[in-house]
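What follows is the content of protein.txt (compact mmCIF, C-alpha atoms).
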```
# COMPACT_ATOMS: atom_id res chain seq x y z
CA MET A 1 73.48 38.92 -65.20
CA MET A 2 75.84 38.48 -62.28
CA LYS A 3 78.45 41.14 -61.58
CA LEU A 4 81.91 39.68 -62.17
CA ALA A 5 84.44 39.62 -59.30
CA LYS A 6 87.07 41.05 -61.60
CA SER A 7 87.54 41.97 -65.24
CA ILE A 8 89.26 39.46 -67.50
CA GLY A 9 90.30 40.50 -70.99
CA ILE A 10 92.54 39.78 -73.95
CA ILE A 11 95.99 41.30 -73.39
CA GLY A 12 97.81 39.80 -76.37
CA THR A 13 97.15 38.02 -79.67
CA GLY A 14 99.13 35.90 -82.09
CA SER A 15 98.58 33.72 -85.15
CA TYR A 16 100.34 31.39 -87.52
CA LEU A 17 99.35 30.29 -91.01
CA PRO A 18 101.25 27.66 -93.00
CA GLU A 19 103.16 28.98 -96.03
CA LYS A 20 101.69 26.63 -98.62
CA VAL A 21 98.82 28.27 -100.52
CA LEU A 22 96.19 26.17 -102.28
CA THR A 23 94.21 28.30 -104.74
CA ASN A 24 90.86 27.62 -106.39
CA PHE A 25 92.81 27.12 -109.62
CA ASP A 26 94.81 24.35 -107.94
CA LEU A 27 91.51 22.74 -106.87
CA GLU A 28 90.21 22.91 -110.47
CA LYS A 29 92.96 20.41 -111.30
CA MET A 30 91.97 18.10 -108.41
CA VAL A 31 88.17 17.94 -108.59
CA ASP A 32 85.40 18.99 -110.98
CA THR A 33 84.95 22.61 -109.84
CA SER A 34 85.81 26.14 -110.92
CA ASN A 35 87.23 29.29 -109.39
CA GLU A 36 84.06 31.26 -110.21
CA TRP A 37 81.80 28.62 -108.69
CA ILE A 38 83.79 28.47 -105.43
CA ILE A 39 83.96 32.27 -105.06
CA LYS A 40 80.25 32.74 -105.78
CA ARG A 41 79.17 29.95 -103.41
CA THR A 42 81.64 30.47 -100.56
CA GLY A 43 83.66 33.68 -100.94
CA ILE A 44 86.89 31.67 -100.72
CA SER A 45 89.76 32.28 -103.17
CA GLU A 46 92.56 30.37 -101.48
CA ARG A 47 93.48 28.53 -98.29
CA ARG A 48 96.69 27.57 -96.45
CA ILE A 49 97.67 23.93 -96.09
CA LEU A 50 100.00 22.49 -93.47
CA ASP A 51 102.84 20.29 -94.74
CA GLU A 52 101.41 16.78 -94.31
CA LYS A 53 104.54 15.66 -92.47
CA LEU A 54 103.98 18.25 -89.73
CA PRO A 55 101.70 17.90 -86.68
CA THR A 56 98.75 20.23 -86.11
CA TYR A 57 100.28 21.43 -82.83
CA SER A 58 103.29 22.90 -84.67
CA MET A 59 101.08 25.81 -85.75
CA GLY A 60 99.70 26.20 -82.22
CA ILE A 61 103.21 26.55 -80.79
CA GLU A 62 104.02 29.45 -83.14
CA ALA A 63 100.69 31.21 -82.52
CA ALA A 64 101.16 30.79 -78.75
CA LYS A 65 104.70 32.25 -78.80
CA ARG A 66 103.54 35.23 -80.84
CA ALA A 67 100.61 35.90 -78.50
CA LEU A 68 102.91 35.84 -75.45
CA GLU A 69 105.31 38.23 -77.18
CA ASN A 70 102.42 40.57 -77.97
CA ALA A 71 101.27 40.42 -74.33
CA GLU A 72 104.89 41.02 -73.20
CA LEU A 73 104.78 37.94 -71.01
CA GLN A 74 107.18 35.01 -70.60
CA ALA A 75 106.10 31.38 -70.88
CA GLU A 76 106.70 30.99 -67.11
CA ASP A 77 103.99 33.60 -66.50
CA VAL A 78 101.31 31.33 -67.98
CA ASP A 79 99.13 29.51 -65.41
CA LEU A 80 96.65 27.89 -67.77
CA ILE A 81 96.56 26.69 -71.38
CA VAL A 82 93.21 25.89 -73.00
CA TYR A 83 93.50 24.54 -76.51
CA ALA A 84 90.52 24.23 -78.88
CA SER A 85 90.62 21.92 -81.87
CA VAL A 86 88.94 19.05 -83.73
CA THR A 87 92.20 17.93 -85.32
CA ASP A 88 94.31 16.71 -82.41
CA ASP A 89 97.47 14.78 -83.19
CA PHE A 90 97.15 12.18 -80.40
CA TYR A 91 94.40 10.55 -78.36
CA THR A 92 96.79 11.30 -75.54
CA PRO A 93 98.65 13.49 -74.69
CA SER A 94 96.56 16.56 -75.40
CA ASN A 95 97.95 19.12 -77.82
CA ALA A 96 97.64 21.61 -74.95
CA CYS A 97 100.24 19.63 -72.97
CA ILE A 98 102.53 19.26 -75.99
CA ILE A 99 102.42 23.03 -76.53
CA GLN A 100 103.00 23.64 -72.82
CA GLY A 101 106.16 21.55 -73.04
CA ALA A 102 107.34 23.11 -76.29
CA ILE A 103 107.08 26.70 -75.12
CA GLY A 104 108.30 25.95 -71.57
CA ALA A 105 105.17 27.08 -69.71
CA CYS A 106 106.34 24.98 -66.76
CA LYS A 107 103.84 26.39 -64.21
CA ALA A 108 100.75 26.01 -66.36
CA ILE A 109 98.05 23.38 -66.32
CA ALA A 110 96.96 22.45 -69.83
CA PHE A 111 94.00 20.73 -71.45
CA ASP A 112 91.98 20.60 -74.68
CA VAL A 113 88.36 21.46 -75.35
CA ASN A 114 86.39 20.22 -78.33
CA ALA A 115 83.57 22.50 -79.46
CA ALA A 116 84.44 22.45 -83.17
CA CYS A 117 84.15 25.86 -84.84
CA THR A 118 82.86 27.36 -81.56
CA GLY A 119 85.99 26.01 -79.83
CA PHE A 120 87.75 29.32 -79.33
CA ILE A 121 84.65 30.93 -77.78
CA TYR A 122 84.21 27.95 -75.42
CA ALA A 123 87.92 27.99 -74.53
CA LEU A 124 87.84 31.73 -73.76
CA VAL A 125 84.86 31.29 -71.44
CA VAL A 126 86.45 28.26 -69.72
CA ALA A 127 89.69 30.19 -69.18
CA GLN A 128 87.79 33.22 -67.91
CA GLN A 129 86.05 31.05 -65.27
CA PHE A 130 89.41 29.70 -64.05
CA LEU A 131 90.82 33.22 -63.85
CA LEU A 132 87.77 34.50 -61.98
CA GLY A 133 88.27 31.70 -59.45
CA GLY A 134 91.43 33.41 -58.35
CA ASN A 135 94.04 30.62 -58.43
CA TYR A 136 95.15 31.37 -61.99
CA LYS A 137 96.38 34.69 -63.32
CA ASN A 138 97.32 34.42 -66.98
CA ALA A 139 95.83 32.06 -69.54
CA LEU A 140 96.84 31.16 -73.03
CA VAL A 141 93.85 30.27 -75.22
CA ILE A 142 94.60 28.65 -78.57
CA GLY A 143 92.45 27.71 -81.57
CA CYS A 144 94.43 25.50 -83.93
CA GLU A 145 93.28 23.32 -86.82
CA ALA A 146 94.70 21.28 -89.67
CA LEU A 147 91.38 20.52 -91.36
CA SER A 148 93.33 19.40 -94.44
CA LYS A 149 94.00 16.18 -92.50
CA ILE A 150 90.30 15.30 -92.21
CA THR A 151 89.21 16.61 -95.61
CA ASP A 152 88.27 14.22 -98.40
CA TRP A 153 90.22 15.78 -101.27
CA LYS A 154 88.07 13.89 -103.79
CA ASP A 155 84.79 15.38 -102.50
CA ARG A 156 84.17 18.64 -104.35
CA ASN A 157 81.33 19.60 -101.99
CA THR A 158 83.59 19.92 -98.97
CA CYS A 159 87.25 20.09 -100.05
CA VAL A 160 86.89 23.65 -101.35
CA LEU A 161 85.77 24.91 -97.92
CA PHE A 162 88.52 24.17 -95.43
CA GLY A 163 92.03 25.29 -94.56
CA ASP A 164 94.66 25.17 -91.82
CA GLY A 165 95.87 27.74 -89.30
CA ALA A 166 96.21 28.73 -85.66
CA GLY A 167 95.39 31.74 -83.53
CA ALA A 168 95.97 32.46 -79.86
CA ALA A 169 95.09 35.02 -77.21
CA VAL A 170 96.49 35.73 -73.76
CA LEU A 171 93.87 36.38 -71.09
CA GLY A 172 94.62 38.30 -67.93
CA GLU A 173 93.10 40.74 -65.46
CA VAL A 174 92.32 44.15 -66.95
CA ASP A 175 90.96 47.47 -65.65
CA GLU A 176 87.41 47.33 -64.35
CA GLY A 177 84.83 47.72 -67.09
CA TYR A 178 87.14 46.36 -69.80
CA GLY A 179 87.64 42.85 -71.18
CA MET A 180 84.91 40.21 -71.37
CA LEU A 181 81.69 42.00 -70.42
CA ASN A 182 79.30 39.13 -71.10
CA SER A 183 79.23 35.70 -72.66
CA PHE A 184 76.71 33.10 -73.77
CA LEU A 185 77.20 29.44 -74.76
CA GLY A 186 74.77 26.94 -76.27
CA SER A 187 74.79 23.25 -77.24
CA ASP A 188 72.30 21.04 -79.07
CA GLY A 189 73.30 17.40 -79.28
CA SER A 190 69.96 16.41 -80.79
CA SER A 191 71.41 17.57 -84.13
CA ALA A 192 74.88 16.15 -83.45
CA MET A 193 75.30 14.29 -86.74
CA VAL A 194 74.50 17.12 -89.17
CA LEU A 195 78.20 18.02 -89.13
CA ASN A 196 80.60 15.22 -88.22
CA ALA A 197 83.99 13.61 -88.75
CA PRO A 198 84.18 10.06 -87.29
CA ASN A 199 87.08 8.81 -85.25
CA LEU A 200 87.14 5.34 -83.64
CA TYR A 201 83.54 4.49 -84.51
CA VAL A 202 82.04 4.76 -87.98
CA SER A 203 78.34 3.84 -88.07
CA GLU A 204 76.78 2.25 -91.15
CA GLU A 205 75.02 5.53 -91.84
CA GLU A 206 78.24 7.54 -91.79
CA ARG A 207 80.03 4.87 -93.82
CA GLU A 208 77.35 5.13 -96.49
CA LYS A 209 77.80 8.92 -96.77
CA ARG A 210 81.49 8.39 -97.48
CA LYS A 211 81.33 5.17 -99.49
CA ASN A 212 83.70 6.36 -102.20
CA GLY A 213 86.02 8.35 -99.99
CA LYS A 214 87.81 8.90 -96.73
CA LEU A 215 85.98 7.36 -93.74
CA ASP A 216 87.16 9.93 -91.19
CA SER A 217 86.46 12.95 -93.37
CA LEU A 218 84.22 15.88 -92.51
CA TRP A 219 80.68 15.55 -93.77
CA MET A 220 77.84 18.00 -93.33
CA ASP A 221 74.27 18.55 -94.29
CA GLY A 222 75.10 21.86 -95.94
CA ALA A 223 71.59 23.29 -96.04
CA GLU A 224 70.85 22.39 -92.38
CA VAL A 225 74.16 23.77 -91.14
CA PHE A 226 73.72 26.93 -93.19
CA LYS A 227 70.32 27.63 -91.69
CA PHE A 228 71.54 26.88 -88.16
CA ALA A 229 74.59 29.10 -88.67
CA VAL A 230 72.72 32.18 -89.93
CA LYS A 231 70.10 31.89 -87.19
CA THR A 232 72.48 31.31 -84.28
CA MET A 233 75.02 33.89 -85.41
CA SER A 234 72.33 36.54 -85.25
CA SER A 235 70.45 35.27 -82.16
CA ALA A 236 73.65 34.74 -80.12
CA THR A 237 74.87 38.22 -81.02
CA VAL A 238 71.60 39.85 -80.02
CA LYS A 239 71.42 37.86 -76.76
CA VAL A 240 74.83 38.83 -75.32
CA LEU A 241 74.29 42.45 -76.24
CA GLU A 242 70.74 42.66 -74.92
CA GLU A 243 71.79 41.40 -71.50
CA LEU A 244 74.12 44.42 -71.32
CA ASN A 245 71.40 46.75 -72.59
CA MET A 246 73.46 47.22 -75.72
CA THR A 247 72.55 46.98 -79.42
CA VAL A 248 74.59 46.36 -82.55
CA ASP A 249 74.98 50.14 -82.84
CA ASP A 250 77.12 50.09 -79.69
CA ILE A 251 79.76 47.79 -81.18
CA GLN A 252 82.63 48.84 -83.42
CA HIS A 253 83.60 45.31 -84.55
CA ILE A 254 82.14 41.87 -84.97
CA PHE A 255 84.34 38.78 -85.25
CA PRO A 256 82.18 35.87 -86.36
CA HIS A 257 83.40 32.38 -87.13
CA GLN A 258 84.10 32.55 -90.87
CA ALA A 259 82.74 29.43 -92.59
CA ASN A 260 81.18 30.91 -95.72
CA THR A 261 80.67 34.57 -96.71
CA ARG A 262 77.03 33.81 -97.45
CA ILE A 263 76.46 32.83 -93.80
CA ILE A 264 78.23 35.96 -92.56
CA ASP A 265 76.49 38.28 -95.01
CA GLY A 266 73.09 36.70 -94.34
CA ALA A 267 73.53 37.09 -90.59
CA ILE A 268 74.87 40.65 -90.59
CA LYS A 269 72.05 41.71 -92.89
CA LYS A 270 69.60 40.17 -90.41
CA LEU A 271 71.38 41.96 -87.56
CA GLY A 272 71.57 45.29 -89.39
CA ILE A 273 75.37 45.48 -89.11
CA THR A 274 77.37 47.18 -91.86
CA ASP A 275 80.25 45.17 -93.29
CA ASP A 276 82.85 47.79 -92.32
CA LYS A 277 82.58 46.33 -88.78
CA LEU A 278 83.78 42.98 -90.14
CA TYR A 279 87.30 41.86 -90.78
CA TYR A 280 87.19 39.20 -93.49
CA ILE A 281 89.87 36.51 -93.63
CA ILE A 282 87.83 33.75 -95.27
CA GLN A 283 88.78 34.78 -98.82
CA LYS A 284 92.43 33.93 -98.13
CA TYR A 285 92.21 31.18 -95.49
CA GLY A 286 88.88 29.35 -96.01
CA ASN A 287 87.09 27.86 -93.00
CA ILE A 288 89.75 27.22 -90.33
CA SER A 289 87.27 26.20 -87.60
CA SER A 290 88.38 27.18 -84.08
CA ALA A 291 91.27 29.23 -85.49
CA SER A 292 89.14 31.64 -87.51
CA ILE A 293 88.17 34.04 -84.72
CA PRO A 294 91.63 34.35 -83.08
CA VAL A 295 93.37 34.69 -86.47
CA ALA A 296 91.02 37.50 -87.55
CA LEU A 297 91.37 39.14 -84.13
CA ASP A 298 95.16 39.01 -84.33
CA GLU A 299 95.35 40.40 -87.86
CA ALA A 300 92.96 43.25 -87.01
CA ASN A 301 94.97 43.90 -83.83
CA LYS A 302 98.31 43.98 -85.64
CA GLU A 303 96.88 46.35 -88.26
CA GLY A 304 95.95 48.74 -85.44
CA ARG A 305 92.22 48.54 -86.09
CA LEU A 306 91.30 47.76 -82.49
CA LYS A 307 91.33 50.85 -80.27
CA LYS A 308 91.18 50.96 -76.50
CA GLY A 309 87.54 51.04 -75.44
CA ASP A 310 86.22 49.54 -78.68
CA ASN A 311 83.32 47.16 -78.11
CA MET A 312 83.21 43.96 -80.10
CA VAL A 313 81.25 40.75 -80.38
CA LEU A 314 82.98 37.42 -80.97
CA VAL A 315 80.47 34.86 -82.17
CA GLY A 316 80.89 31.23 -83.19
CA PHE A 317 78.78 28.27 -84.32
CA GLY A 318 79.74 24.76 -85.32
CA GLY A 319 79.68 21.00 -84.85
CA GLY A 320 78.09 19.57 -81.75
CA LEU A 321 76.02 21.53 -82.44
CA THR A 322 77.56 24.32 -80.42
CA TRP A 323 77.41 28.09 -80.47
CA GLY A 324 78.50 31.00 -78.34
CA SER A 325 79.16 34.71 -78.17
CA ILE A 326 81.21 37.16 -76.13
CA VAL A 327 81.08 40.93 -75.75
CA LEU A 328 84.59 42.28 -75.31
CA LYS A 329 85.83 45.78 -74.57
CA TRP A 330 89.35 46.11 -75.94
CA VAL A 331 92.15 47.24 -73.64
CA MET B 1 49.06 39.79 -102.67
CA VAL B 2 51.15 36.77 -101.77
CA PHE B 3 52.44 36.11 -105.30
CA GLU B 4 53.70 39.69 -105.70
CA LYS B 5 55.52 39.57 -102.36
CA VAL B 6 57.06 36.16 -103.12
CA LYS B 7 58.10 37.42 -106.56
CA LYS B 8 59.85 40.42 -105.00
CA LEU B 9 61.80 38.15 -102.61
CA VAL B 10 62.76 35.76 -105.41
CA VAL B 11 64.10 38.69 -107.45
CA GLU B 12 66.13 39.84 -104.44
CA GLN B 13 67.47 36.43 -103.44
CA LEU B 14 68.15 34.86 -106.82
CA GLY B 15 68.96 37.97 -108.84
CA VAL B 16 66.52 37.09 -111.64
CA GLU B 17 64.22 39.36 -113.70
CA GLU B 18 60.67 39.83 -112.45
CA ASP B 19 59.28 39.00 -115.90
CA ASP B 20 60.92 35.57 -115.81
CA ILE B 21 58.94 34.52 -112.75
CA SER B 22 55.61 32.74 -113.01
CA MET B 23 53.69 30.46 -110.66
CA GLU B 24 55.15 27.49 -112.54
CA SER B 25 58.81 28.57 -112.27
CA SER B 26 61.00 25.95 -110.62
CA PHE B 27 63.64 27.53 -108.38
CA ILE B 28 66.36 25.13 -109.47
CA ASP B 29 65.45 24.29 -113.09
CA ASP B 30 64.10 27.66 -114.28
CA LEU B 31 65.62 30.26 -111.95
CA GLY B 32 69.12 28.78 -111.51
CA ALA B 33 69.01 28.40 -107.72
CA ASP B 34 71.35 26.07 -105.83
CA SER B 35 70.57 24.32 -102.53
CA LEU B 36 71.86 27.21 -100.39
CA ASP B 37 69.85 29.72 -102.45
CA ILE B 38 66.74 27.72 -101.54
CA VAL B 39 67.62 27.76 -97.84
CA GLU B 40 68.15 31.52 -98.02
CA LEU B 41 64.88 31.95 -99.87
CA ILE B 42 62.93 29.85 -97.34
CA MET B 43 64.45 31.90 -94.50
CA ALA B 44 63.50 35.12 -96.27
CA LEU B 45 59.94 33.85 -96.75
CA GLU B 46 59.74 32.89 -93.06
CA GLU B 47 60.80 36.38 -92.09
CA GLU B 48 58.57 38.23 -94.57
CA PHE B 49 55.44 36.27 -93.65
CA SER B 50 56.31 35.71 -89.95
CA LEU B 51 55.98 31.96 -90.09
CA GLU B 52 58.11 28.89 -89.44
CA ILE B 53 58.34 26.44 -92.33
CA PRO B 54 59.32 22.96 -91.05
CA ASP B 55 62.11 21.25 -93.04
CA THR B 56 59.81 18.47 -94.23
CA GLU B 57 57.48 21.09 -95.71
CA ALA B 58 60.33 23.19 -97.07
CA GLU B 59 61.58 20.21 -99.08
CA LYS B 60 58.26 20.11 -100.96
CA ILE B 61 58.53 23.75 -102.02
CA THR B 62 60.22 23.56 -105.41
CA THR B 63 58.28 26.12 -107.47
CA VAL B 64 57.07 29.68 -106.92
CA GLY B 65 53.51 28.30 -106.92
CA ASP B 66 54.40 25.81 -104.13
CA ALA B 67 55.66 28.69 -102.00
CA VAL B 68 52.57 30.84 -102.66
CA GLU B 69 50.27 27.94 -101.86
CA TYR B 70 52.09 27.06 -98.61
CA ILE B 71 52.05 30.67 -97.42
CA THR B 72 48.40 31.22 -98.34
CA LYS B 73 47.39 28.13 -96.35
CA ASN B 74 49.60 28.80 -93.33
CA SER B 75 49.59 32.53 -92.65
```

Just give me the structure as structure tokens.
Amino acid sequence: MMKLAKSIGIIGTGSYLPEKVLTNFDLEKMVDTSNEWIIKRTGISERRILDEKLPTYSMGIEAAKRALENAELQAEDVDLIVYASVTDDFYTPSNACIIQGAIGACKAIAFDVNAACTGFIYALVVAQQFLLGGNYKNALVIGCEALSKITDWKDRNTCVLFGDGAGAAVLGEVDEGYGMLNSFLGSDGSSAMVLNAPNLYVSEEEREKRKNGKLDSLWMDGAEVFKFAVKTMSSATVKVLEELNMTVDDIQHIFPHQANTRIIDGAIKKLGITDDKLYYIIQKYGNISSASIPVALDEANKEGRLKKGDNMVLVGFGGGLTWGSIVLKWV
Amino acid sequence: MVFEKVKKLVVEQLGVEEDDISMESSFIDDLGADSLDIVELIMALEEEFSLEIPDTEAEKITTVGDAVEYITKNS
């Protein structure tokens, strides 16, 4: 592992969740399912849904403003905006640019990254590289998703899983030895189609999977994705820690992507981590893709659970396939 | 003995009684497993017996006896 030229860490967090709550009981009226079945299989009780007349980026704007306020910075102090999502509102412009304009971050450069549920991890690492380069000082990293827009609400296998929300973090230089201590990213395009939502091109194969429903909806091979998720969540966590000569006993928190409690519980059991190091949000928000890690981080932060010097692992896995992990020492 | 070890894992993973498990028990039809339960069970078997079960083989494992037979042959 190379020694970093300077230490880059999270100096502020923010999040925004839409007001509208969709409970399992509401879903019972929409598809053939039940509250007990959903809780047992996924751990999800309810999720938030964005008003269908509103753009996805509207949530990102709020989360970004709150993160800047928490970091005690002005929009003009932002040099870089990296926005992670699979539910962009336009082909162009990027939601990153729209948010830049909306908050008045006039000095920043802004662009999107697409790494699905690993998006926030990828975006943090991308922003860190820019900041290490020296030409950029403060970065705003946003994970923002309106998965309700690409969910087939007639498909009981998937519609119970997803929700909407946004989370953001401000990255800046921190005292030596704090912030992002190590990171690891992975991609495997040979399994690209096991989790997909088509856009301009819908192959015959993908059309067939959705023949009675929405052509651009999310589809996944649940069993494949589950296995991949449990394995990578544990291997990616071990890898970033090992390179620092650390073990799971050295961390006070773990913030995994929250897709299904059975994935999280399976992986933490494998890792030998007790669940008091976890901050669950999935029961109330469902799977919110790239927003899940920053939302959990923000809520834990605002509740005062994160103390200076606490070590934590952020770990994500998702479509692509992609995965990644970061060891962070809180400032 | 492989059967005893598999039985113990099935009890743990599926939350069923030991007495209800025989070599003929089907995970889905007799023991109430869903598709994710099976994935979890296969992963637990891989760990317990230190082997890698390819997906094409895993699909053929539908009963306790199938699992015992696969493990006996491959470990």

In file coordinates, which residues lie within 10 Å of (63.0, 35.5, -97.7) using all atoms listed in the file, given as number ranges by chain?
B: 5-6, 8-10, 12-13, 38-49

Report as a Markdown table: every residue of chain A with an atom at most 10 Å from chain B, its closest pair of atoms, and their distance in Å to one decimal, counting only C-alpha atoms, with rows sorted by chain and ascending residue number.
```
| residue | atom | partner | partner_atom | distance |
| --- | --- | --- | --- | --- |
| A:Arg41 | CA | B:Leu36 | CA | 8.4 |
| A:Gly222 | CA | B:Leu36 | CA | 7.7 |
| A:Ala223 | CA | B:Leu36 | CA | 5.9 |
| A:Glu224 | CA | B:Val39 | CA | 8.3 |
| A:Phe226 | CA | B:Leu36 | CA | 7.4 |
| A:Lys227 | CA | B:Val39 | CA | 6.7 |
| A:Val230 | CA | B:Glu40 | CA | 9.3 |
| A:Lys231 | CA | B:Met43 | CA | 9.2 |
| A:Arg262 | CA | B:Leu36 | CA | 8.9 |
| A:Ile263 | CA | B:Glu40 | CA | 9.4 |
| A:Gly266 | CA | B:Glu40 | CA | 8.0 |
| A:Lys270 | CA | B:Glu47 | CA | 9.7 |
```

Could you tell me how far atom CA of Leu31 of chain B lies from atom CA of Gly15 of chain B, in Å and to one decimal?
9.0 Å

Segment 307-310 of chain A: axis-aligned bounding box, 4 Å on each side, centre and edge lengths in Å, one decimal, as AutoDock Vina command-line options:
```
--center_x 88.8 --center_y 50.3 --center_z -77.9 --size_x 13.1 --size_y 9.5 --size_z 12.8
```

Would you compute the distance between atom CA of Asn287 of chain A and atom CA of Met59 of chain A? Give it in Å to one decimal.
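We find that atom CA of Asn287 of chain A and atom CA of Met59 of chain A lie 15.9 Å from each other.
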
In Å, with one decimal, what is the gap from atom CA of Lys269 of chain A to atom CA of Gly186 of chain A?
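Atom-to-atom, atom CA of Lys269 of chain A to atom CA of Gly186 of chain A, that is 22.4 Å.
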
Return the single residue from A:Glu19, A:Asp221, A:Glu242, A:Asp275 that is closest to Lys209 of chain A, with distances computed using all atoms listed in the file.
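Counting all atoms listed in the file, the residue closest to Lys209 of chain A is A:Asp221.
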
With a distance cut-off of 12 Å and only C-alpha atoms, select the neighbouring residues of Glu57 of chain B, excluding the residue or stretch itself and same-chain residues fewer than 6 positions from it, and output the selection as a PyMOL selection string.
chain B and resi 42+66-67+69-71+74

Produce a table with one row for each residue of segment 80-145 of chain A that has an atom at most 12 Å from any atom of segment 2-18 of chain A, each row naming the nearest atom pair and its distance in Å at one decimal; use all atoms listed in the file; arrange rows by chain and rising residue number; format as CSV.
```
residue,atom,partner,partner_atom,distance
A:Leu124,CA,A:Ile10,CA,9.3
A:Val125,CA,A:Ile8,CA,10.1
A:Val126,CA,A:Ile8,CA,11.8
A:Ala127,CA,A:Ile8,CA,9.4
A:Gln128,CA,A:Ile8,CA,6.4
A:Gln129,CA,A:Ile8,CA,9.3
A:Phe130,CA,A:Ile8,CA,10.4
A:Leu131,CA,A:Ile8,CA,7.4
A:Leu132,CA,A:Lys6,CA,6.6
A:Gly133,CA,A:Ala5,CA,8.8
A:Gly134,CA,A:Lys6,CA,9.4
A:Tyr136,CA,A:Ile8,CA,11.4
A:Lys137,CA,A:Ile8,CA,9.5
A:Asn138,CA,A:Ile11,CA,9.5
A:Ala139,CA,A:Ile10,CA,9.5
A:Leu140,CA,A:Gly12,CA,9.3
A:Val141,CA,A:Thr13,CA,9.5
A:Ile142,CA,A:Ser15,CA,9.2
A:Gly143,CA,A:Ser15,CA,9.3
A:Cys144,CA,A:Tyr16,CA,9.1
A:Glu145,CA,A:Leu17,CA,10.1
```

From the set B:Ser26, B:Ala33, B:Leu51, B:Ser75, which residue has the shortest atom-to-atom contact distance to Thr63 of chain B, counting all atoms listed in the file?
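Closest to Thr63 of chain B of all the choices is B:Ser26.
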